[in-house]
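Undergrad: TSV, C-alpha atoms, saved as run-v9.tsv, coming up:
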```tsv
chain	number	residue	atom	x	y	z
A	1	MET	CA	26.59	-12.24	18.85
A	2	TYR	CA	25.55	-15.20	16.72
A	3	ALA	CA	22.75	-14.38	14.24
A	4	ILE	CA	21.05	-16.80	11.87
A	5	ILE	CA	19.32	-15.38	8.82
A	6	LEU	CA	16.75	-17.39	6.86
A	7	GLY	CA	16.67	-16.51	3.17
A	8	CYS	CA	19.38	-15.21	0.84
A	9	SER	CA	17.40	-12.28	-0.54
A	10	THR	CA	19.13	-8.98	-1.30
A	11	THR	CA	17.96	-7.83	2.12
A	12	GLY	CA	19.33	-10.98	3.75
A	13	LEU	CA	22.69	-10.57	2.04
A	14	ASN	CA	23.06	-6.90	2.91
A	15	LEU	CA	22.04	-7.50	6.50
A	16	ALA	CA	24.60	-10.33	6.75
A	17	LYS	CA	27.28	-8.07	5.30
A	18	GLU	CA	26.51	-5.30	7.81
A	19	LEU	CA	26.48	-7.68	10.76
A	20	LEU	CA	29.74	-9.32	9.63
A	21	GLU	CA	31.40	-5.91	9.41
A	22	GLN	CA	30.25	-5.22	12.97
A	23	GLY	CA	32.12	-8.37	14.00
A	24	HIS	CA	29.19	-10.73	14.52
A	25	GLU	CA	29.02	-14.40	13.62
A	26	ILE	CA	26.47	-15.10	10.87
A	27	THR	CA	24.95	-18.10	9.12
A	28	ILE	CA	22.49	-17.73	6.24
A	29	LEU	CA	20.15	-20.64	5.65
A	30	GLU	CA	18.84	-20.85	2.09
A	31	LYS	CA	16.81	-23.52	0.25
A	32	ASP	CA	18.19	-22.72	-3.17
A	33	ARG	CA	21.73	-23.95	-3.89
A	34	THR	CA	22.49	-21.31	-6.55
A	35	ARG	CA	21.57	-18.46	-4.22
A	36	SER	CA	23.48	-20.05	-1.38
A	37	ASP	CA	26.59	-20.40	-3.58
A	38	GLN	CA	26.31	-16.74	-4.61
A	39	ALA	CA	26.30	-15.70	-0.95
A	40	ASN	CA	29.39	-17.82	-0.29
A	41	ASP	CA	31.19	-16.27	-3.27
A	42	LEU	CA	30.39	-12.79	-2.00
A	43	LEU	CA	30.87	-13.12	1.74
A	44	GLY	CA	32.99	-16.25	2.33
A	45	GLN	CA	31.70	-19.54	3.72
A	46	ILE	CA	28.58	-18.17	5.34
A	47	SER	CA	25.59	-19.90	3.76
A	48	ILE	CA	24.18	-23.42	4.22
A	49	VAL	CA	21.62	-25.04	1.91
A	50	GLY	CA	18.62	-26.28	3.85
A	51	ASP	CA	14.96	-25.98	4.81
A	52	GLY	CA	14.48	-23.66	7.79
A	53	CYS	CA	11.35	-25.53	8.86
A	54	GLN	CA	13.28	-28.74	9.56
A	55	GLN	CA	14.57	-29.18	13.07
A	56	GLN	CA	17.63	-31.26	12.10
A	57	VAL	CA	18.75	-28.50	9.74
A	58	LEU	CA	18.29	-25.83	12.40
A	59	LYS	CA	20.14	-27.98	14.91
A	60	SER	CA	23.05	-28.58	12.53
A	61	ILE	CA	23.73	-24.85	12.21
A	62	GLY	CA	23.76	-24.38	15.99
A	63	LEU	CA	20.46	-22.58	16.44
A	64	ASN	CA	20.51	-23.51	20.13
A	65	ARG	CA	23.39	-21.08	20.69
A	66	ALA	CA	22.06	-18.30	18.45
A	67	ASP	CA	21.22	-14.93	20.00
A	68	VAL	CA	18.83	-13.90	17.28
A	69	PHE	CA	16.95	-15.62	14.43
A	70	ILE	CA	15.90	-13.43	11.50
A	71	ALA	CA	13.43	-14.97	9.01
A	72	LEU	CA	13.51	-13.04	5.73
A	73	SER	CA	12.32	-15.65	3.24
A	74	GLY	CA	9.68	-14.82	0.62
A	75	THR	CA	7.24	-17.32	2.14
A	76	ASP	CA	5.26	-16.35	5.23
A	77	GLU	CA	4.67	-19.92	6.38
A	78	ASP	CA	8.43	-20.57	6.41
A	79	ASN	CA	9.06	-17.33	8.30
A	80	LEU	CA	6.42	-18.09	10.93
A	81	ILE	CA	7.10	-21.79	11.49
A	82	SER	CA	10.90	-21.37	11.58
A	83	CYS	CA	10.53	-18.55	14.14
A	84	GLN	CA	8.28	-20.76	16.26
A	85	LEU	CA	10.80	-23.61	16.12
A	86	ALA	CA	13.60	-21.17	16.99
A	87	LYS	CA	11.66	-19.93	19.98
A	88	HIS	CA	10.01	-23.07	21.32
A	89	VAL	CA	12.50	-25.82	20.41
A	90	PHE	CA	15.82	-23.94	20.49
A	91	SER	CA	14.97	-21.18	23.01
A	92	VAL	CA	16.43	-18.40	20.86
A	93	PRO	CA	16.04	-15.15	22.86
A	94	LYS	CA	14.92	-13.00	19.93
A	95	THR	CA	13.02	-13.85	16.74
A	96	ILE	CA	12.42	-11.42	13.89
A	97	ALA	CA	10.19	-12.16	10.90
A	98	LEU	CA	9.43	-10.53	7.59
A	99	ILE	CA	5.72	-10.61	6.72
A	100	ASN	CA	5.23	-10.76	2.94
A	101	ASN	CA	1.43	-10.83	2.85
A	102	PRO	CA	-0.13	-8.03	4.92
A	103	ASN	CA	-3.15	-10.30	5.58
A	104	ASN	CA	-0.87	-12.36	7.84
A	105	GLU	CA	0.08	-9.51	10.18
A	106	GLU	CA	-2.62	-10.39	12.69
A	107	LEU	CA	-1.50	-14.03	12.87
A	108	PHE	CA	2.17	-13.11	13.41
A	109	ARG	CA	1.17	-10.64	16.12
A	110	ILE	CA	-1.05	-13.15	17.97
A	111	LEU	CA	1.63	-15.80	17.78
A	112	GLY	CA	4.21	-13.63	19.48
A	113	VAL	CA	7.03	-13.34	16.94
A	114	ASP	CA	9.18	-10.78	18.81
A	115	VAL	CA	9.69	-8.31	15.97
A	116	ARG	CA	7.53	-8.24	12.87
A	117	ILE	CA	8.52	-6.39	9.72
A	118	SER	CA	5.85	-5.93	7.10
A	119	SER	CA	7.25	-4.26	4.00
A	120	THR	CA	3.79	-3.38	2.70
A	121	SER	CA	2.79	-1.76	5.99
A	122	LEU	CA	6.08	0.11	6.25
A	123	ILE	CA	5.62	1.66	2.82
A	124	LEU	CA	1.96	2.41	3.54
A	125	GLN	CA	2.88	4.07	6.84
A	126	HIS	CA	5.43	6.24	5.12
A	127	ILE	CA	2.93	7.31	2.51
A	128	GLU	CA	0.33	8.06	5.17
A	129	GLU	CA	2.90	9.95	7.21
A	130	GLU	CA	3.90	12.00	4.18
A	131	LEU	CA	0.27	12.82	3.56
A	132	SER	CA	-0.69	13.64	7.10
A	133	ALA	CA	2.75	14.73	8.34
A	134	SER	CA	1.53	14.26	11.87
A	135	VAL	CA	1.36	10.71	13.22
A	136	VAL	CA	4.62	8.78	13.25
A	137	HIS	CA	4.67	5.13	14.33
A	138	MET	CA	7.40	4.62	16.90
A	139	GLN	CA	6.88	1.02	17.99
A	140	ALA	CA	4.40	-1.84	18.26
A	141	LEU	CA	4.07	-2.70	21.96
A	142	GLY	CA	4.67	-6.34	22.84
A	143	SER	CA	2.15	-8.75	21.41
A	144	SER	CA	-0.78	-6.44	22.19
A	145	ALA	CA	-2.55	-4.42	19.52
A	146	ARG	CA	-1.23	-1.26	21.17
A	147	GLU	CA	1.38	0.96	19.60
A	148	LEU	CA	3.40	4.00	20.49
A	149	VAL	CA	2.95	6.95	18.12
A	150	SER	CA	4.40	10.41	18.04
A	151	ILE	CA	2.36	13.45	17.06
A	152	THR	CA	3.86	16.87	16.49
A	153	ILE	CA	1.35	19.63	17.19
A	154	PRO	CA	0.96	21.86	14.10
A	155	PRO	CA	1.00	25.62	14.85
A	156	ASP	CA	-2.58	26.06	13.65
A	157	ALA	CA	-3.92	22.98	15.43
A	158	SER	CA	-7.06	23.11	17.53
A	159	ALA	CA	-5.16	21.60	20.47
A	160	VAL	CA	-2.75	24.55	20.78
A	161	GLY	CA	-3.29	26.34	24.11
A	162	LYS	CA	-5.58	23.60	25.39
A	163	ARG	CA	-4.97	21.81	28.67
A	164	ILE	CA	-4.42	18.06	28.57
A	165	ALA	CA	-7.56	17.60	30.70
A	166	ASP	CA	-9.65	19.36	28.04
A	167	LEU	CA	-8.56	17.10	25.19
A	168	ASN	CA	-11.26	14.61	24.33
A	169	MET	CA	-8.98	11.54	24.12
A	170	PRO	CA	-10.54	8.38	22.70
A	171	ALA	CA	-10.70	5.12	24.68
A	172	GLU	CA	-7.53	3.00	24.95
A	173	SER	CA	-5.37	6.04	24.25
A	174	LEU	CA	-3.04	7.71	26.70
A	175	ILE	CA	-0.62	10.62	26.41
A	176	SER	CA	2.52	9.22	27.99
A	177	LEU	CA	5.06	12.03	27.51
A	178	ILE	CA	5.38	15.49	25.98
A	179	VAL	CA	8.63	16.56	24.35
A	180	THR	CA	8.46	20.35	24.28
A	181	LYS	CA	9.64	22.45	21.36
A	182	GLY	CA	12.63	23.38	23.49
A	183	GLY	CA	13.61	19.71	23.80
A	184	ASN	CA	12.57	19.16	27.41
A	185	THR	CA	10.41	16.22	28.45
A	186	ARG	CA	7.32	16.63	30.64
A	187	PHE	CA	5.02	14.04	32.09
A	188	PRO	CA	1.64	15.36	31.07
A	189	ASP	CA	-0.33	16.58	34.09
A	190	GLU	CA	-3.87	17.76	33.58
A	191	ILE	CA	-3.03	21.47	33.55
A	192	PHE	CA	-0.20	21.23	31.00
A	193	GLU	CA	-0.99	23.44	28.01
A	194	LEU	CA	0.09	22.27	24.57
A	195	GLN	CA	2.20	24.65	22.49
A	196	PRO	CA	2.90	24.64	18.73
A	197	ASN	CA	5.52	22.03	17.71
A	198	ASP	CA	5.30	20.16	21.00
A	199	GLN	CA	5.61	16.45	20.40
A	200	ALA	CA	3.15	14.13	22.15
A	201	LEU	CA	4.04	10.47	22.64
A	202	VAL	CA	0.77	8.59	22.74
A	203	VAL	CA	-0.05	4.94	23.41
A	204	THR	CA	-3.04	3.98	21.25
A	205	THR	CA	-4.39	1.27	18.92
A	206	PRO	CA	-4.46	1.29	15.10
A	207	GLU	CA	-8.27	1.67	15.28
A	208	LYS	CA	-8.13	4.78	17.47
A	209	GLU	CA	-5.20	6.39	15.68
A	210	LEU	CA	-7.30	8.61	13.41
A	211	GLU	CA	-9.33	9.88	16.38
A	212	VAL	CA	-6.13	10.65	18.27
A	213	ARG	CA	-4.85	12.61	15.29
A	214	ARG	CA	-8.10	14.57	15.13
A	215	VAL	CA	-7.82	15.46	18.84
A	216	PHE	CA	-4.32	16.91	18.41
A	217	THR	CA	-4.51	18.44	14.97
A	218	GLY	CA	-8.21	19.04	14.33
A	219	VAL	CA	-7.63	17.41	10.93
A	220	ASP	CA	-9.52	14.25	9.88
B	1	MET	CA	-21.62	-30.53	11.09
B	2	ARG	CA	-19.39	-28.76	8.57
B	3	ALA	CA	-15.86	-29.93	7.82
B	4	LEU	CA	-13.26	-28.03	5.81
B	5	ILE	CA	-10.46	-30.20	4.43
B	6	VAL	CA	-7.34	-28.40	3.27
B	7	GLY	CA	-5.38	-30.35	0.66
B	8	CYS	CA	-6.86	-32.86	-1.78
B	9	GLY	CA	-4.09	-35.46	-1.82
B	10	TRP	CA	-4.53	-39.11	-0.82
B	11	ILE	CA	-5.39	-38.30	2.79
B	12	GLY	CA	-7.72	-35.44	1.90
B	13	ARG	CA	-9.54	-37.60	-0.64
B	14	TRP	CA	-9.93	-40.63	1.65
B	15	LEU	CA	-11.08	-38.40	4.45
B	16	SER	CA	-13.64	-36.51	2.36
B	17	HIS	CA	-15.22	-39.78	1.15
B	18	GLU	CA	-15.38	-41.11	4.71
B	19	LEU	CA	-16.96	-37.94	6.05
B	20	MET	CA	-19.43	-37.58	3.18
B	21	ASP	CA	-20.56	-41.18	3.73
B	22	LYS	CA	-21.31	-40.25	7.31
B	23	GLY	CA	-23.43	-37.34	6.12
B	24	THR	CA	-20.99	-34.57	7.05
B	25	ASN	CA	-21.12	-31.38	5.00
B	26	VAL	CA	-17.63	-31.34	3.46
B	27	THR	CA	-15.70	-28.63	1.62
B	28	ILE	CA	-12.25	-29.43	0.26
B	29	ILE	CA	-9.75	-26.82	-0.95
B	30	ASP	CA	-6.64	-27.40	-3.07
B	31	ASN	CA	-4.63	-25.19	-5.40
B	32	ASP	CA	-4.20	-27.92	-8.03
B	33	PRO	CA	-7.27	-28.51	-10.26
B	34	GLU	CA	-5.88	-31.95	-11.13
B	35	ASN	CA	-6.10	-33.05	-7.46
B	36	LEU	CA	-9.70	-31.87	-7.24
B	37	ARG	CA	-10.52	-33.69	-10.49
B	38	ARG	CA	-9.14	-36.93	-9.02
B	39	LEU	CA	-11.60	-36.61	-6.16
B	40	SER	CA	-14.67	-36.07	-8.30
B	41	SER	CA	-13.86	-38.40	-11.22
B	42	GLY	CA	-15.20	-41.93	-10.89
B	43	SER	CA	-18.03	-40.69	-8.78
B	44	GLY	CA	-21.33	-39.65	-10.35
B	45	ASP	CA	-22.13	-37.70	-7.20
B	46	SER	CA	-22.65	-34.01	-8.01
B	47	LYS	CA	-22.26	-33.26	-4.28
B	48	ILE	CA	-18.53	-33.93	-4.61
B	49	ALA	CA	-17.98	-31.44	-7.41
B	50	ASP	CA	-19.85	-28.80	-5.39
B	51	ALA	CA	-17.62	-29.47	-2.40
B	52	CYS	CA	-14.41	-28.61	-4.31
B	53	ILE	CA	-12.87	-25.15	-4.06
B	54	LEU	CA	-9.81	-24.20	-6.10
B	55	GLY	CA	-7.61	-22.09	-3.85
B	56	ASP	CA	-4.55	-21.86	-1.60
B	57	GLY	CA	-5.30	-23.19	1.88
B	58	THR	CA	-2.55	-21.08	3.45
B	59	LEU	CA	-4.25	-17.84	2.37
B	60	ARG	CA	-6.81	-16.16	4.58
B	61	GLU	CA	-8.97	-14.93	1.73
B	62	ASP	CA	-9.13	-18.37	0.08
B	63	LEU	CA	-10.07	-20.03	3.37
B	64	GLU	CA	-12.84	-17.45	3.75
B	65	ARG	CA	-14.04	-18.27	0.26
B	66	ALA	CA	-14.13	-21.95	1.25
B	67	GLY	CA	-16.42	-21.08	4.17
B	68	ILE	CA	-14.01	-21.34	7.11
B	69	MET	CA	-16.27	-19.02	9.12
B	70	GLN	CA	-18.97	-21.70	9.12
B	71	ALA	CA	-16.68	-24.71	9.64
B	72	ASP	CA	-16.92	-26.76	12.86
B	73	VAL	CA	-13.74	-28.65	12.10
B	74	LEU	CA	-10.72	-28.00	9.84
B	75	ILE	CA	-8.29	-30.74	8.85
B	76	SER	CA	-5.07	-29.63	7.21
B	77	THR	CA	-3.59	-32.38	4.99
B	78	LEU	CA	-1.12	-30.43	2.81
B	79	ASN	CA	2.15	-32.11	1.88
B	80	ARG	CA	4.43	-29.88	3.95
B	81	ASP	CA	4.50	-29.76	7.75
B	82	ALA	CA	5.13	-26.01	7.76
B	83	SER	CA	2.08	-25.39	5.53
B	84	ASN	CA	-0.18	-27.50	7.76
B	85	LEU	CA	1.05	-25.83	10.94
B	86	PHE	CA	0.55	-22.42	9.36
B	87	THR	CA	-3.00	-23.17	8.15
B	88	ALA	CA	-3.92	-24.80	11.46
B	89	GLN	CA	-2.85	-21.69	13.36
B	90	LEU	CA	-4.76	-19.40	11.00
B	91	ALA	CA	-7.87	-21.54	11.56
B	92	ARG	CA	-7.48	-21.63	15.32
B	93	GLU	CA	-6.11	-18.20	16.18
B	94	VAL	CA	-7.63	-15.94	13.53
B	95	PHE	CA	-10.90	-17.71	12.64
B	96	GLY	CA	-11.50	-19.48	15.97
B	97	VAL	CA	-12.49	-22.82	14.39
B	98	ASP	CA	-13.67	-25.21	17.13
B	99	GLN	CA	-11.66	-28.28	16.23
B	100	VAL	CA	-8.45	-28.04	14.25
B	101	ILE	CA	-6.51	-31.11	13.15
B	102	CYS	CA	-3.10	-30.92	11.55
B	103	ILE	CA	-1.18	-33.65	9.72
B	104	THR	CA	2.61	-33.78	10.03
B	105	ARG	CA	5.17	-36.20	8.66
B	106	GLY	CA	8.57	-35.13	10.00
B	107	ASP	CA	10.07	-34.24	13.37
B	108	PRO	CA	7.87	-34.11	16.46
B	109	VAL	CA	6.53	-30.57	16.80
B	110	PRO	CA	6.91	-28.45	19.96
B	111	ASP	CA	4.07	-28.49	22.54
B	112	VAL	CA	3.10	-24.94	21.64
B	113	TYR	CA	0.68	-26.12	18.95
B	114	HIS	CA	-1.03	-28.56	21.28
B	115	SER	CA	-1.43	-25.86	23.90
B	116	LYS	CA	-3.24	-23.70	21.34
B	117	GLY	CA	-5.80	-26.50	20.95
B	118	ILE	CA	-4.45	-27.90	17.68
B	119	GLU	CA	-4.50	-31.72	17.37
B	120	VAL	CA	-1.34	-32.84	15.61
B	121	PHE	CA	-1.26	-36.26	13.91
B	122	ASN	CA	2.21	-37.36	12.89
B	123	ILE	CA	1.16	-39.84	10.25
B	124	THR	CA	4.59	-41.35	9.55
B	125	ARG	CA	4.98	-42.06	13.25
B	126	LEU	CA	1.49	-43.57	13.42
B	127	VAL	CA	2.23	-45.81	10.44
B	128	GLY	CA	5.56	-46.86	11.98
B	129	GLN	CA	3.88	-47.72	15.25
B	130	SER	CA	1.09	-49.70	13.67
B	131	LEU	CA	3.52	-51.58	11.42
B	132	ALA	CA	5.62	-52.52	14.43
B	133	ALA	CA	2.49	-53.68	16.23
B	134	SER	CA	1.47	-55.90	13.35
B	135	ILE	CA	4.80	-57.70	13.07
B	136	LYS	CA	4.02	-61.02	14.75
B	137	GLU	CA	7.43	-61.89	16.18
B	138	LEU	CA	7.71	-58.68	18.20
```
Take the structure I supplied and represent it as C-alpha cells, if you would.

TA:
Amino acid sequence: MYAIILGCSTTGLNLAKELLEQGHEITILEKDRTRSDQANDLLGQISIVGDGCQQQVLKSIGLNRADVFIALSGTDEDNLISCQLAKHVFSVPKTIALINNPNNEELFRILGVDVRISSTSLILQHIEEELSASVVHMQALGSSARELVSITIPPDASAVGKRIADLNMPAESLISLIVTKGGNTRFPDEIFELQPNDQALVVTTPEKELEVRRVFTGVD
Amino acid sequence: MRALIVGCGWIGRWLSHELMDKGTNVTIIDNDPENLRRLSSGSGDSKIADACILGDGTLREDLERAGIMQADVLISTLNRDASNLFTAQLAREVFGVDQVICITRGDPVPDVYHSKGIEVFNITRLVGQSLAASIKEL
C-alpha cells in the first residue's frame, strides 16, 4: 500500500514509522524544511517539503497512485482542501483528516471526508464514557449524522427484563443487534427480553443519544 | 442587499468601495488591523469604519460575528486558495449563503466546488486572458 501523510507532527511521524514497519510505502509532505529534515534523519528519505494544497506538489509525489491520503496538519483548511484535491483530482480511494477545531466537524462531515478524526471529540467522548460507563461510540456511519453506539445494560437498569417492543425508543434510533452476556448474537425481535450485561448495538444520532441511554439504563 | 467580504487586501478594498458606492450594505472581515485601517483611512466616511470587523474569516464564530447569517452574498478574497475554498464551503454548506464567490490564483480547482454552487474566479487566469486580448498584434 502507498500512503501519503500530510504534516510531520509527532502523530504523523509515529504513524509513518508504524506503516513502514508493516512494509508499506510512505511519503510525508511537510511545509517546514526543518521538520521535514528531522523526519528524514529519523526514518530515511521519506519526507518532501511542500504545500499539500498545491496540485503540482501532490502530483510530484505520486498522489494519483496512492491508496490512502492522511491529512494530519495543524491547520483545518489544509486538511480539508488537500483531502478534497486527493479525492476529486487524484481519485484517491480513501481520505482521512484530522480536525483541529471541533467547530469544523460539521463541515468535514458534510463534505464527505471518508474518515474524520477530531482529537477534542475523542477526548470528550472518553471522558463522557468514563462518567456514564454506558454508551460507547463504535463508528460514524458514512456521511450521515447517524452513528453506531454500543450500550451495555447495567444490572440495575430499568430495561432489564423488558421486551424490546416495550422499550420507548426515540425517533431515528434502531436496535440493530444484541450481544448477549454469554457472547451470542441475536437479531432483536419484539419479544426478546433484555438481561443484565447484554450489549445492545444501536444506530442513532448524536442528538438522540442521551434519550437512548435513558431508555436502556434509566439514567439521565 | 447585504454583502460580506472576507479579506481586506487590494481586491477586498476595491470591491468594498465599489459595492458601497452602489448602496450595498457591506461588512468586511480581516484578521490584520492594518489592512482594515488602510480601507478606512483617506475616507471621512464613518460607514466604512462601521463595516470593518477584526476577525479570522476561516473561523465559524468570527463569520457569525460578522453577520454571515444575514448575508445575501459572501466574497472570499484571502491570499491563499485553500483559505478561500475553505471559507466558501463554510458559507455555502454550513450557513447556506445564497451566493458565494471565491477568488483563486493558482491551479484550476476541481468541479466539485462549482457543483456545490460556489462561483470560482481564478484572477491570475483572468488577468492573463485579458492581457493577451489587449495585445494588438495577436

Undergrad: Specify as JSON, numbers by chain all residues of chain B found within 12 Å of chain A, counting all atoms listed in the file.

TA: {"B": [57, 58, 59, 60, 61, 62, 80, 81, 82, 83, 84, 85, 86, 87, 88, 89, 90, 91, 92, 93, 94, 95, 96, 104, 105, 106, 107, 108, 109, 110, 111, 112, 113, 116]}

Undergrad: Work out how far apart CA of Pro102 in chain A and CA of Ser143 in chain A are and give it in Å to one decimal.

TA: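 Result for CA of Pro102 in chain A versus CA of Ser143 in chain A: 16.7 Å, one decimal.
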
Undergrad: Could you tell me how far CA of Thr205 in chain A sits from CA of Ser173 in chain A, in Å to one decimal place?

TA: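 These atoms are spaced 7.2 Å apart.
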
Undergrad: Which neighbours of range 10-12 of chain B fall inside 12 Å, counting all atoms listed in the file, when residues of the same chain fewer than 2 positions from it are skipped, and could you give them as a ChimeraX atom specification?

TA: /B:3-8,14-20,26-30,35-36,38-39,52,74-79,102-104,123

Undergrad: Show me, as a ChimeraX atom specification, the residues that have an atom within 9 Å of Tyr2 in chain A when counting only C-alpha atoms, minus same-chain residues fewer than 3 positions from it.

TA: /A:24-27,63,65-69

Undergrad: Which one of A:Pro93, A:Gly161, A:Gly112, A:Gly12 sits closest to Ala145 in chain A if you count all atoms listed in the file?

TA: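 Among the listed residues, A:Gly112 lies closest to Ala145 in chain A.
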
Undergrad: How many Å separate CA of Asp21 in chain B from CA of His114 in chain B?

TA: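 Separation of CA of Asp21 in chain B and CA of His114 in chain B: 29.1 Å.
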